[in-house]
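Student: Following this message is one structure expressed as structure tokens.
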2 protein chains.
Amino acid sequence: MQINQATDYSFRVVLYLSTLPRGEVVEAQTIAQTQCIPMRYLFKIMPSLTRAGIITSQRGVGGGYVLAKDPAEISLLDVIEAIEGPIRLNRCFIDEHYCSKNGPPDCPVHQALAGIQQRLNADFSKVVFSDLLE
Amino acid sequence: MQINQATDYSFRVVLYLSTLPRGEVVEAQTIAQTQCIPMRYLFKIMPSLTRAGIITSQRGVGGGYVLAKDPAEISLLDVIEAIEGPIRLNRCFIDEHYCSKNGPPDCPVHQALAGIQQRLNADFSKVVFSDLLE
DNA sequence: CTTAAAATATACTCAAAGGGTAAACAATTA
DNA sequence: TAATTGTTTACCCTTTGAGTATATTTTAAG
């Protein structure tokens, strides 16, 4: 019931990129240093953010990373899903066979969790990075 | 970002006990069989529910488990906290030193997560077991 | 007071996930 | 073509999670 370290780092990365002038390319080392993230670790999470369309990357001399959208269009949920995949409050939301009892349609717990999960998703998607620039 | 297996089992245990006539003592084996939970595993989670005051246990011949309160007074949150402890969406809610940057008071992400966590707790505590008896 | 039934405590194994590191590779620009 | 910078793949170690085994304590009944 916790976001993982990679996601937390990613929040910081996106928040940092949001503070920069639109379109400014910044290299990995700068991000790592200013945000206190191990370089090697950073290299592991950046491709996920790129694939998710949150940032774009540029190789070669003068390369680096840029935000791909406006900070007002990137939510906490976008980053979470980019790194961890969709939020599933219980295993049976991934695969019904995990429910060794009657199965979802008849399971009142399942239904209650589904509602809570839906609200949680909504809450995470309501917060966008432009809100976080104080 | 998922409740664990022990918590899911516990939901089932409490839900099952909620269906019984008030005060009826039922032994571990019956719970395990009807709810499809491994006996040994059940023995591991029951003490936590007892300590949390959700059920009471009785040893010896004719012993077993009983619900300690009315199902209307036991929430999903009660069970989650009994098994997993309080919900913390990020490590820095457990210990600030996990935040290798500025620390909570200045961290806008921290504040956003705190709000979401609070609502999540509220949602979990709103659902009580009497609601789940269809 | 002894015995059997039941929960409790402790400890162990095995597999999976999380956090972090390393090195070879591919692309771009000067 | 050489240097710079991101990408890919793979590995290691520690922690957590799921499940199992055994010995112990409590209690009621004979």
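Ordering of the structure tokens sets the chain letters (A, B, ...); residue numbers start at 1 within each chain; ligands are numbered from 1 in the order shown.
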I'd like a table as CSV: residues in chain B with an atom no more than 7 Å from chain D, each row giving the shortest atom pair and its distance in Å to one decimal, only C-alpha atoms (C1' of nucleotides) counted, sorted by chain and rising residue number.
Tutor:
residue,atom,partner,partner_atom,distance
B:Tyr41,CA,D:DG19,C1',6.8
B:Arg59,CA,D:DT26,C1',5.8
B:Gly60,CA,D:DT27,C1',4.1
B:Val61,CA,D:DA28,C1',5.4
Student: Could you save those same residues with N, CA and C atoms as a CSV table (one decimal), in the first residue's frame?
Tutor:
chain,number,residue,atom,x,y,z
B,41,TYR,N,-1.8,-20.7,7.9
B,41,TYR,CA,-1.7,-19.3,7.6
B,41,TYR,C,-2.7,-18.6,8.5
B,59,ARG,N,-9.4,-20.2,24.3
B,59,ARG,CA,-8.5,-21.4,24.2
B,59,ARG,C,-9.2,-22.7,24.7
B,60,GLY,N,-8.6,-23.8,24.6
B,60,GLY,CA,-9.0,-25.0,25.2
B,60,GLY,C,-10.2,-25.7,24.5
B,61,VAL,N,-10.7,-26.7,25.1
B,61,VAL,CA,-11.8,-27.5,24.5
B,61,VAL,C,-13.0,-26.6,24.3
Student: Both chains have the same sequence, so match all Cα atoms in order, fit chain B onto chain A by least squares, and return it as a short mmCIF file (atom, residue, chain, number, x, y, z; two decimals) with N, CA and C atoms, in the first residue's frame.
Tutor:
data_model
loop_
_atom_site.label_atom_id
_atom_site.label_comp_id
_atom_site.auth_asym_id
_atom_site.auth_seq_id
_atom_site.Cartn_x
_atom_site.Cartn_y
_atom_site.Cartn_z
N MET B 1 0.87 -1.21 0.17
CA MET B 1 0.03 -0.01 0.07
C MET B 1 0.89 1.25 0.05
N GLN B 2 1.89 1.22 -0.79
CA GLN B 2 2.83 2.33 -0.82
C GLN B 2 3.37 2.50 -2.23
N ILE B 3 3.57 3.76 -2.64
CA ILE B 3 4.25 3.96 -3.91
C ILE B 3 5.71 3.62 -3.70
N ASN B 4 6.39 3.18 -4.73
CA ASN B 4 7.77 2.78 -4.51
C ASN B 4 8.75 3.91 -4.77
N GLN B 5 9.99 3.62 -4.47
CA GLN B 5 11.05 4.61 -4.52
C GLN B 5 11.20 5.20 -5.92
N ALA B 6 11.12 4.37 -6.91
CA ALA B 6 11.27 4.84 -8.29
C ALA B 6 10.20 5.87 -8.63
N THR B 7 8.99 5.64 -8.18
CA THR B 7 7.90 6.58 -8.43
C THR B 7 8.15 7.90 -7.72
N ASP B 8 8.62 7.81 -6.50
CA ASP B 8 8.91 9.02 -5.73
C ASP B 8 10.00 9.83 -6.43
N TYR B 9 11.05 9.16 -6.88
CA TYR B 9 12.10 9.83 -7.64
C TYR B 9 11.50 10.49 -8.88
N SER B 10 10.61 9.79 -9.54
CA SER B 10 10.03 10.31 -10.77
C SER B 10 9.21 11.57 -10.52
N PHE B 11 8.51 11.59 -9.40
CA PHE B 11 7.77 12.80 -9.03
C PHE B 11 8.74 13.98 -9.01
N ARG B 12 9.88 13.77 -8.39
CA ARG B 12 10.86 14.83 -8.27
C ARG B 12 11.42 15.25 -9.61
N VAL B 13 11.68 14.27 -10.45
CA VAL B 13 12.22 14.57 -11.78
C VAL B 13 11.23 15.43 -12.56
N VAL B 14 9.99 15.02 -12.58
CA VAL B 14 8.98 15.76 -13.35
C VAL B 14 8.75 17.14 -12.74
N LEU B 15 8.74 17.19 -11.43
CA LEU B 15 8.55 18.48 -10.78
C LEU B 15 9.71 19.43 -11.12
N TYR B 16 10.91 18.88 -11.13
CA TYR B 16 12.08 19.69 -11.48
C TYR B 16 11.99 20.19 -12.92
N LEU B 17 11.68 19.29 -13.83
CA LEU B 17 11.57 19.69 -15.23
C LEU B 17 10.46 20.73 -15.42
N SER B 18 9.45 20.65 -14.57
CA SER B 18 8.34 21.60 -14.67
C SER B 18 8.76 23.02 -14.32
N THR B 19 9.83 23.14 -13.55
CA THR B 19 10.27 24.48 -13.14
C THR B 19 11.10 25.17 -14.23
N LEU B 20 11.54 24.39 -15.19
CA LEU B 20 12.41 24.95 -16.23
C LEU B 20 11.60 25.65 -17.31
N PRO B 21 12.23 26.59 -18.04
CA PRO B 21 11.57 27.22 -19.18
C PRO B 21 11.17 26.15 -20.18
N ARG B 22 9.99 26.29 -20.73
CA ARG B 22 9.45 25.32 -21.69
C ARG B 22 10.47 25.00 -22.80
N GLY B 23 10.74 23.71 -23.00
CA GLY B 23 11.59 23.28 -24.10
C GLY B 23 13.06 23.19 -23.77
N GLU B 24 13.43 23.52 -22.55
CA GLU B 24 14.85 23.46 -22.19
C GLU B 24 15.30 22.02 -21.97
N VAL B 25 16.37 21.64 -22.69
CA VAL B 25 16.90 20.29 -22.56
C VAL B 25 17.92 20.24 -21.43
N VAL B 26 17.77 19.25 -20.56
CA VAL B 26 18.71 19.14 -19.45
C VAL B 26 19.24 17.71 -19.38
N GLU B 27 20.52 17.59 -19.16
CA GLU B 27 21.10 16.24 -19.21
C GLU B 27 20.94 15.50 -17.89
N ALA B 28 21.06 14.19 -17.98
CA ALA B 28 20.82 13.31 -16.84
C ALA B 28 21.61 13.71 -15.60
N GLN B 29 22.89 14.02 -15.82
CA GLN B 29 23.73 14.33 -14.68
C GLN B 29 23.20 15.52 -13.86
N THR B 30 22.72 16.52 -14.56
CA THR B 30 22.18 17.69 -13.87
C THR B 30 20.96 17.30 -13.03
N ILE B 31 20.08 16.51 -13.64
CA ILE B 31 18.90 16.06 -12.91
C ILE B 31 19.31 15.27 -11.67
N ALA B 32 20.22 14.34 -11.86
CA ALA B 32 20.65 13.49 -10.75
C ALA B 32 21.22 14.33 -9.61
N GLN B 33 22.10 15.27 -9.97
CA GLN B 33 22.74 16.06 -8.92
C GLN B 33 21.76 16.96 -8.18
N THR B 34 20.96 17.70 -8.93
CA THR B 34 20.06 18.64 -8.25
C THR B 34 18.97 17.93 -7.45
N GLN B 35 18.55 16.75 -7.90
CA GLN B 35 17.45 16.06 -7.24
C GLN B 35 17.89 14.95 -6.30
N CYS B 36 19.20 14.81 -6.13
CA CYS B 36 19.73 13.80 -5.22
C CYS B 36 19.27 12.39 -5.58
N ILE B 37 19.42 12.05 -6.85
CA ILE B 37 19.05 10.70 -7.30
C ILE B 37 20.32 10.06 -7.87
N PRO B 38 20.60 8.79 -7.50
CA PRO B 38 21.77 8.11 -8.05
C PRO B 38 21.67 8.05 -9.58
N MET B 39 22.74 8.44 -10.27
CA MET B 39 22.77 8.44 -11.73
C MET B 39 22.26 7.13 -12.34
N ARG B 40 22.83 6.04 -11.88
CA ARG B 40 22.48 4.73 -12.44
C ARG B 40 20.98 4.47 -12.28
N TYR B 41 20.48 4.87 -11.14
CA TYR B 41 19.08 4.63 -10.87
C TYR B 41 18.21 5.49 -11.77
N LEU B 42 18.67 6.70 -11.99
CA LEU B 42 17.93 7.60 -12.86
C LEU B 42 17.80 7.00 -14.27
N PHE B 43 18.90 6.43 -14.73
CA PHE B 43 18.89 5.84 -16.07
C PHE B 43 17.88 4.71 -16.17
N LYS B 44 17.53 4.17 -15.05
CA LYS B 44 16.58 3.06 -15.08
C LYS B 44 15.14 3.55 -15.20
N ILE B 45 14.86 4.69 -14.61
CA ILE B 45 13.46 5.13 -14.63
C ILE B 45 13.12 6.03 -15.82
N MET B 46 14.10 6.74 -16.37
CA MET B 46 13.80 7.69 -17.43
C MET B 46 13.14 7.05 -18.66
N PRO B 47 13.61 5.89 -19.11
CA PRO B 47 12.94 5.28 -20.28
C PRO B 47 11.45 5.05 -20.05
N SER B 48 11.06 4.73 -18.83
CA SER B 48 9.64 4.51 -18.56
C SER B 48 8.85 5.80 -18.72
N LEU B 49 9.44 6.91 -18.28
CA LEU B 49 8.76 8.19 -18.42
C LEU B 49 8.68 8.59 -19.89
N THR B 50 9.71 8.25 -20.63
CA THR B 50 9.72 8.54 -22.05
C THR B 50 8.65 7.74 -22.78
N ARG B 51 8.63 6.45 -22.51
CA ARG B 51 7.65 5.59 -23.15
C ARG B 51 6.22 6.05 -22.86
N ALA B 52 6.03 6.60 -21.68
CA ALA B 52 4.68 7.03 -21.30
C ALA B 52 4.33 8.39 -21.92
N GLY B 53 5.30 8.98 -22.62
CA GLY B 53 5.01 10.26 -23.28
C GLY B 53 5.03 11.46 -22.35
N ILE B 54 5.62 11.29 -21.18
CA ILE B 54 5.69 12.39 -20.22
C ILE B 54 6.89 13.28 -20.53
N ILE B 55 7.98 12.67 -20.89
CA ILE B 55 9.16 13.42 -21.30
C ILE B 55 9.61 12.92 -22.66
N THR B 56 10.46 13.70 -23.31
CA THR B 56 11.10 13.19 -24.53
C THR B 56 12.60 13.23 -24.29
N SER B 57 13.30 12.31 -24.92
CA SER B 57 14.74 12.23 -24.72
C SER B 57 15.45 12.54 -26.03
N GLN B 58 16.67 13.04 -25.89
CA GLN B 58 17.47 13.31 -27.07
C GLN B 58 18.86 12.77 -26.82
N ARG B 59 19.31 11.91 -27.72
CA ARG B 59 20.63 11.30 -27.54
C ARG B 59 21.74 12.18 -28.10
N GLY B 60 22.94 11.71 -27.87
CA GLY B 60 24.10 12.35 -28.48
C GLY B 60 24.53 13.63 -27.80
N VAL B 61 25.53 14.27 -28.38
CA VAL B 61 26.08 15.51 -27.82
C VAL B 61 24.97 16.55 -27.66
N GLY B 62 24.97 17.19 -26.52
CA GLY B 62 23.96 18.21 -26.28
C GLY B 62 22.58 17.64 -26.01
N GLY B 63 22.51 16.32 -25.84
CA GLY B 63 21.22 15.67 -25.61
C GLY B 63 20.77 15.79 -24.16
N GLY B 64 19.67 15.13 -23.86
CA GLY B 64 19.14 15.17 -22.50
C GLY B 64 17.64 14.93 -22.53
N TYR B 65 16.97 15.49 -21.53
CA TYR B 65 15.54 15.28 -21.40
C TYR B 65 14.75 16.59 -21.38
N VAL B 66 13.56 16.54 -21.93
CA VAL B 66 12.64 17.68 -21.91
C VAL B 66 11.26 17.17 -21.55
N LEU B 67 10.50 18.03 -20.91
CA LEU B 67 9.11 17.71 -20.65
C LEU B 67 8.36 17.66 -21.98
N ALA B 68 7.53 16.65 -22.15
CA ALA B 68 6.83 16.50 -23.43
C ALA B 68 5.52 17.26 -23.48
N LYS B 69 4.99 17.62 -22.31
CA LYS B 69 3.71 18.33 -22.27
C LYS B 69 3.79 19.48 -21.28
N ASP B 70 2.73 20.20 -21.21
CA ASP B 70 2.61 21.25 -20.23
C ASP B 70 2.44 20.62 -18.84
N PRO B 71 3.07 21.18 -17.83
CA PRO B 71 2.94 20.64 -16.46
C PRO B 71 1.48 20.54 -16.01
N ALA B 72 0.62 21.34 -16.59
CA ALA B 72 -0.79 21.30 -16.22
C ALA B 72 -1.48 20.07 -16.78
N GLU B 73 -0.77 19.36 -17.66
CA GLU B 73 -1.37 18.18 -18.28
C GLU B 73 -0.73 16.88 -17.84
N ILE B 74 0.11 16.99 -16.81
CA ILE B 74 0.73 15.78 -16.26
C ILE B 74 0.27 15.62 -14.82
N SER B 75 -0.37 14.50 -14.54
CA SER B 75 -0.89 14.27 -13.18
C SER B 75 0.00 13.29 -12.43
N LEU B 76 -0.20 13.23 -11.13
CA LEU B 76 0.51 12.23 -10.32
C LEU B 76 0.20 10.83 -10.83
N LEU B 77 -1.06 10.63 -11.22
CA LEU B 77 -1.44 9.31 -11.71
C LEU B 77 -0.66 8.92 -12.96
N ASP B 78 -0.44 9.89 -13.86
CA ASP B 78 0.32 9.61 -15.07
C ASP B 78 1.69 9.03 -14.73
N VAL B 79 2.33 9.66 -13.74
CA VAL B 79 3.68 9.22 -13.35
C VAL B 79 3.63 7.87 -12.67
N ILE B 80 2.67 7.69 -11.77
CA ILE B 80 2.54 6.41 -11.08
C ILE B 80 2.35 5.28 -12.08
N GLU B 81 1.44 5.50 -13.02
CA GLU B 81 1.16 4.43 -13.98
C GLU B 81 2.34 4.19 -14.93
N ALA B 82 3.10 5.24 -15.21
CA ALA B 82 4.27 5.07 -16.07
C ALA B 82 5.29 4.14 -15.42
N ILE B 83 5.42 4.26 -14.11
CA ILE B 83 6.45 3.49 -13.40
C ILE B 83 5.93 2.15 -12.89
N GLU B 84 4.75 2.17 -12.30
CA GLU B 84 4.25 0.96 -11.62
C GLU B 84 3.13 0.24 -12.37
N GLY B 85 2.62 0.87 -13.39
CA GLY B 85 1.43 0.31 -14.03
C GLY B 85 0.20 0.73 -13.26
N PRO B 86 -0.98 0.31 -13.72
CA PRO B 86 -2.21 0.74 -13.08
C PRO B 86 -2.31 0.32 -11.62
N ILE B 87 -3.00 1.11 -10.84
CA ILE B 87 -3.20 0.82 -9.42
C ILE B 87 -4.21 -0.30 -9.25
N ARG B 88 -3.83 -1.31 -8.49
CA ARG B 88 -4.73 -2.42 -8.18
C ARG B 88 -4.69 -2.65 -6.68
N LEU B 89 -5.81 -2.36 -6.04
CA LEU B 89 -5.81 -2.48 -4.58
C LEU B 89 -5.74 -3.92 -4.09
N ASN B 90 -6.08 -4.84 -4.94
CA ASN B 90 -6.02 -6.24 -4.54
C ASN B 90 -5.62 -7.09 -5.74
N ARG B 91 -5.02 -8.23 -5.45
CA ARG B 91 -4.56 -9.08 -6.55
C ARG B 91 -5.69 -9.50 -7.49
N CYS B 92 -6.87 -9.66 -6.90
CA CYS B 92 -7.96 -10.19 -7.71
C CYS B 92 -8.39 -9.19 -8.78
N PHE B 93 -7.86 -7.95 -8.70
CA PHE B 93 -8.14 -7.00 -9.77
C PHE B 93 -7.22 -7.23 -10.96
N ILE B 94 -6.15 -7.95 -10.73
CA ILE B 94 -5.22 -8.26 -11.81
C ILE B 94 -5.69 -9.54 -12.49
N ASP B 95 -5.98 -10.53 -11.66
CA ASP B 95 -6.41 -11.80 -12.21
C ASP B 95 -7.41 -12.43 -11.24
N GLU B 96 -8.59 -12.72 -11.75
CA GLU B 96 -9.65 -13.24 -10.90
C GLU B 96 -9.29 -14.55 -10.21
N HIS B 97 -8.37 -15.29 -10.82
CA HIS B 97 -8.09 -16.61 -10.24
C HIS B 97 -7.41 -16.49 -8.89
N TYR B 98 -6.93 -15.27 -8.57
CA TYR B 98 -6.34 -15.08 -7.25
C TYR B 98 -7.40 -15.18 -6.16
N CYS B 99 -8.64 -14.97 -6.54
CA CYS B 99 -9.72 -15.11 -5.57
C CYS B 99 -10.08 -16.57 -5.46
N SER B 100 -9.68 -17.20 -4.38
CA SER B 100 -9.91 -18.63 -4.24
C SER B 100 -11.33 -18.93 -3.79
N LYS B 101 -12.11 -17.87 -3.57
CA LYS B 101 -13.51 -18.11 -3.23
C LYS B 101 -14.43 -17.89 -4.41
N ASN B 102 -15.56 -17.28 -4.20
CA ASN B 102 -16.60 -17.24 -5.23
C ASN B 102 -16.26 -16.45 -6.49
N GLY B 103 -15.37 -15.52 -6.36
CA GLY B 103 -15.03 -14.71 -7.53
C GLY B 103 -15.76 -13.39 -7.50
N PRO B 104 -15.21 -12.40 -8.20
CA PRO B 104 -15.67 -11.01 -8.17
C PRO B 104 -17.16 -10.73 -8.18
N PRO B 105 -17.92 -11.27 -9.12
CA PRO B 105 -19.31 -10.81 -9.21
C PRO B 105 -20.08 -10.99 -7.91
N ASP B 106 -19.75 -12.05 -7.15
CA ASP B 106 -20.48 -12.33 -5.93
C ASP B 106 -19.78 -11.80 -4.69
N CYS B 107 -18.62 -11.20 -4.86
CA CYS B 107 -17.81 -10.84 -3.70
C CYS B 107 -18.06 -9.38 -3.31
N PRO B 108 -18.72 -9.18 -2.16
CA PRO B 108 -19.03 -7.82 -1.74
C PRO B 108 -17.77 -7.00 -1.40
N VAL B 109 -16.73 -7.70 -0.95
CA VAL B 109 -15.49 -6.99 -0.64
C VAL B 109 -14.89 -6.43 -1.92
N HIS B 110 -14.90 -7.26 -2.94
CA HIS B 110 -14.38 -6.83 -4.23
C HIS B 110 -15.07 -5.55 -4.70
N GLN B 111 -16.35 -5.53 -4.57
CA GLN B 111 -17.09 -4.36 -5.03
C GLN B 111 -16.77 -3.11 -4.23
N ALA B 112 -16.61 -3.28 -2.93
CA ALA B 112 -16.25 -2.13 -2.09
C ALA B 112 -14.87 -1.61 -2.46
N LEU B 113 -13.95 -2.53 -2.66
CA LEU B 113 -12.59 -2.13 -3.02
C LEU B 113 -12.56 -1.43 -4.38
N ALA B 114 -13.39 -1.91 -5.28
CA ALA B 114 -13.43 -1.31 -6.62
C ALA B 114 -13.81 0.16 -6.54
N GLY B 115 -14.78 0.45 -5.70
CA GLY B 115 -15.21 1.84 -5.55
C GLY B 115 -14.11 2.71 -4.97
N ILE B 116 -13.44 2.18 -3.95
CA ILE B 116 -12.37 2.94 -3.31
C ILE B 116 -11.21 3.15 -4.28
N GLN B 117 -10.92 2.12 -5.04
CA GLN B 117 -9.84 2.21 -6.02
C GLN B 117 -10.14 3.29 -7.06
N GLN B 118 -11.37 3.34 -7.46
CA GLN B 118 -11.78 4.33 -8.46
C GLN B 118 -11.59 5.75 -7.93
N ARG B 119 -11.98 5.97 -6.70
CA ARG B 119 -11.81 7.30 -6.10
C ARG B 119 -10.34 7.63 -5.93
N LEU B 120 -9.56 6.63 -5.56
CA LEU B 120 -8.12 6.85 -5.39
C LEU B 120 -7.49 7.29 -6.71
N ASN B 121 -7.84 6.59 -7.77
CA ASN B 121 -7.36 6.97 -9.10
C ASN B 121 -7.75 8.41 -9.43
N ALA B 122 -8.98 8.73 -9.15
CA ALA B 122 -9.46 10.07 -9.44
C ALA B 122 -8.66 11.11 -8.65
N ASP B 123 -8.40 10.81 -7.39
CA ASP B 123 -7.64 11.74 -6.56
C ASP B 123 -6.23 11.97 -7.11
N PHE B 124 -5.60 10.89 -7.52
CA PHE B 124 -4.24 11.00 -8.05
C PHE B 124 -4.23 11.76 -9.38
N SER B 125 -5.29 11.62 -10.13
CA SER B 125 -5.28 12.28 -11.43
C SER B 125 -5.70 13.74 -11.33
N LYS B 126 -6.26 14.11 -10.20
CA LYS B 126 -6.67 15.50 -10.02
C LYS B 126 -5.48 16.42 -9.76
N VAL B 127 -4.41 15.85 -9.22
CA VAL B 127 -3.24 16.66 -8.90
C VAL B 127 -2.30 16.70 -10.10
N VAL B 128 -2.10 17.89 -10.67
CA VAL B 128 -1.17 18.02 -11.79
C VAL B 128 0.04 18.85 -11.35
N PHE B 129 1.12 18.74 -12.11
CA PHE B 129 2.38 19.31 -11.64
C PHE B 129 2.42 20.84 -11.60
N SER B 130 1.56 21.45 -12.38
CA SER B 130 1.52 22.91 -12.27
C SER B 130 0.97 23.34 -10.90
N ASP B 131 0.17 22.47 -10.29
CA ASP B 131 -0.34 22.76 -8.94
C ASP B 131 0.78 22.75 -7.91
N LEU B 132 1.83 22.02 -8.23
CA LEU B 132 2.86 21.77 -7.21
C LEU B 132 3.99 22.79 -7.25
N LEU B 133 3.95 23.66 -8.24
CA LEU B 133 4.96 24.73 -8.29
C LEU B 133 4.51 25.83 -7.36
N GLU B 134 5.15 25.93 -6.25
CA GLU B 134 4.65 26.87 -5.23
C GLU B 134 4.99 28.31 -5.61
#
Student: Select from chain A everything DSSP, run on the backbone, classes as strand (DSSP E or B), then give the selection as an MDAnalysis selection string.
Tutor: chainID A and resid 26 55:58 64:67 75 128
Student: With 6 Å as the limit and counting only C-alpha atoms (C1' of nucleotides), what residues in chain C lie close to chain B? Please list them as a short mmCIF file (atom, residue, chain, number, x, y, z; two decimals) with N, CA, C and O atoms (P, O5', C5', C4', C3', O3' and C1' of nucleotides), in the first residue's frame.
Tutor:
data_model
loop_
_atom_site.label_atom_id
_atom_site.label_comp_id
_atom_site.auth_asym_id
_atom_site.auth_seq_id
_atom_site.Cartn_x
_atom_site.Cartn_y
_atom_site.Cartn_z
P DA C 5 -8.87 -34.90 21.17
"O5'" DA C 5 -9.39 -33.40 21.09
"C5'" DA C 5 -10.48 -32.99 21.91
"C4'" DA C 5 -10.48 -31.48 22.06
"C3'" DA C 5 -10.21 -30.74 20.76
"O3'" DA C 5 -11.09 -29.62 20.68
"C1'" DA C 5 -8.64 -30.08 22.38
P DA C 6 -11.53 -29.09 19.21
"O5'" DA C 6 -10.65 -27.77 19.09
"C5'" DA C 6 -11.10 -26.62 19.79
"C4'" DA C 6 -9.92 -25.80 20.26
"C3'" DA C 6 -9.12 -25.10 19.17
"O3'" DA C 6 -9.68 -23.83 18.89
"C1'" DA C 6 -7.80 -25.80 21.04
P DA C 7 -9.02 -22.94 17.69
"O5'" DA C 7 -8.01 -21.98 18.45
"C5'" DA C 7 -8.52 -21.00 19.36
"C4'" DA C 7 -7.39 -20.45 20.22
"C3'" DA C 7 -6.46 -19.49 19.49
"O3'" DA C 7 -6.13 -18.40 20.33
"C1'" DA C 7 -5.22 -21.31 20.37
#
Student: From a DSSP calculation on the backbone, collect every residue of range 19-110 of chain B in alpha helix (DSSP H) and output the set as a ChimeraX atom specification.
Tutor: /B:19,28-35,39-51,76-84,108-110
